[in-house]
Each structure stands twice: as C-alpha cells, then as structure tokens.
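Engineer: Here you go, one structure.
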Amino acid sequence: MSSTRDVSKQSDISKSTMEHDGSFKRLASTFRSTIEKGGQFEPEAGRYHLYVSYACPWAHRTLITRELKGLHDIIGLSVVSPRMGNHGWPFANVDAFPGADADPVNNAEHIKDIYLKVEPQYSGR
C-alpha cells in the first residue's frame, strides 16, 4: 500500500527549510482534533488506533495517557521501527526491527501512507 508521493522533506533534516535568521518554524498541525461526546469524533471502543515510534520524543505522552486513563483495551496500539528512512517510519513488514509491528488496521508500509490515505495532499504538518 506504500504511497509513491515524496514526503522525504519531513524525514530528511537536510531538506528542512530555515528562516533567514536560522530558526525553523513549524507549520500548524493538520490533524489536531478532540475526541469527545457530541463532537466530530465520538468516543467509541475499537474506533481509534494509536501509532507510535519509540524514537519520537512525544510518543511517551500518548503512551502514558493511554495507560493512566485505562484505555489500553479501548484504543489499539502499533509500534513502528525507529529507523526512519526516506518514506518516514516503516512498519515491521518493511523493517523487521525488534518490537515493531505490522499495521493491523490499514496494512500500511509506512506511517506516511496512513496520513496520505486520509488527506492525499498532506504535506507533513
């Protein structure tokens, strides 16, 4: 299912763009919604799946929250390989890194495939 769209600008630091003053300004996040009763995304067991890379410095927050709120039986979890390549973080079917999983929901090869499935024009933020 791997998409051929080049998103290496997001995974290759040498392709990152800097401002004239040398700083890096992140674009606003595209996928930033809340799960809430009566909202666009209703809470429902089995509806959501969490994808993480242990190499991501923010992943621990989602893992801790999932555990502390007792959501481990409600929200599925898949871990990708920490070895990010040109196509981003791969699942175990592409890189059999110990502890990495295959994607049981979308059968994706890389995390980017999931983003592009939802938003084909996704640019990385």
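Quick note on naming: the chains in the structure tokens go A, B, ... in the order shown, residues restart at 1 in each chain, and ligands are numbered from 1 in order of appearance.
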Please list as a PDB file with N, CA, C and O atoms, in the first residue's frame every residue within 6 Å of Val79 of chain A, counting only C-alpha atoms and excluding residues in the same chain fewer than 4 positions away.

Structural biologist:
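Heads up, here's the output in result37.pdb:
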ATOM      1  N   TYR A  51      -0.642   4.944  16.749  1.00  0.00           N
ATOM      2  CA  TYR A  51       0.613   4.549  16.109  1.00  0.00           C
ATOM      3  C   TYR A  51       1.732   5.358  16.752  1.00  0.00           C
ATOM      4  O   TYR A  51       1.645   6.582  16.836  1.00  0.00           O
ATOM      5  N   VAL A  52       2.786   4.679  17.202  1.00  0.00           N
ATOM      6  CA  VAL A  52       3.907   5.379  17.828  1.00  0.00           C
ATOM      7  C   VAL A  52       5.243   4.837  17.346  1.00  0.00           C
ATOM      8  O   VAL A  52       5.340   3.695  16.900  1.00  0.00           O
ATOM      9  N   SER A  53       6.245   5.681  17.469  1.00  0.00           N
ATOM     10  CA  SER A  53       7.630   5.257  17.322  1.00  0.00           C
ATOM     11  C   SER A  53       8.312   5.604  18.635  1.00  0.00           C
ATOM     12  O   SER A  53       8.194   6.732  19.122  1.00  0.00           O
ATOM     13  N   ALA A 100       8.822  -3.801  16.611  1.00  0.00           N
ATOM     14  CA  ALA A 100       7.966  -3.098  15.647  1.00  0.00           C
ATOM     15  C   ALA A 100       6.830  -4.030  15.229  1.00  0.00           C
ATOM     16  O   ALA A 100       6.967  -5.251  15.247  1.00  0.00           O
ATOM     17  N   ASP A 101       5.695  -3.440  14.876  1.00  0.00           N
ATOM     18  CA  ASP A 101       4.508  -4.186  14.473  1.00  0.00           C
ATOM     19  C   ASP A 101       4.185  -3.936  13.006  1.00  0.00           C
ATOM     20  O   ASP A 101       4.549  -2.910  12.448  1.00  0.00           O
TER      21      ASP A 101
END

Engineer: Please return, as a list of chain:residue names, all residues of chain A that DSSP assigns to alpha helix (DSSP H) on the basis of the backbone.

Structural biologist: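 Across chain A, those assigned alpha helix (DSSP H) are A:Ser8, A:Lys9, A:Gln10, A:Ser11, A:Ala59, A:His60, A:Arg61, A:Thr62, A:Leu63, A:Ile64, A:Thr65, A:Arg66, A:Glu67, A:Leu68, A:Ile111, A:Lys112, A:Asp113, A:Ile114, A:Tyr115, A:Leu116, A:Lys117, A:Val118.
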
Engineer: With a distance cut-off of 6 Å and only C-alpha atoms, select the neighbouring residues of segment 82-91 of chain A, excluding the residue or stretch itself and same-chain residues fewer than 2 positions from it, and output the selection as a list of chain:residue names.

Structural biologist: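 Residues meeting the cut-off are A:Ser8, A:Ser11, A:Ser53, A:Ala55, A:Val80, A:Asn93, A:Val94, A:Asp101, A:Ala102, A:Glu109, A:His110, A:Ile111.
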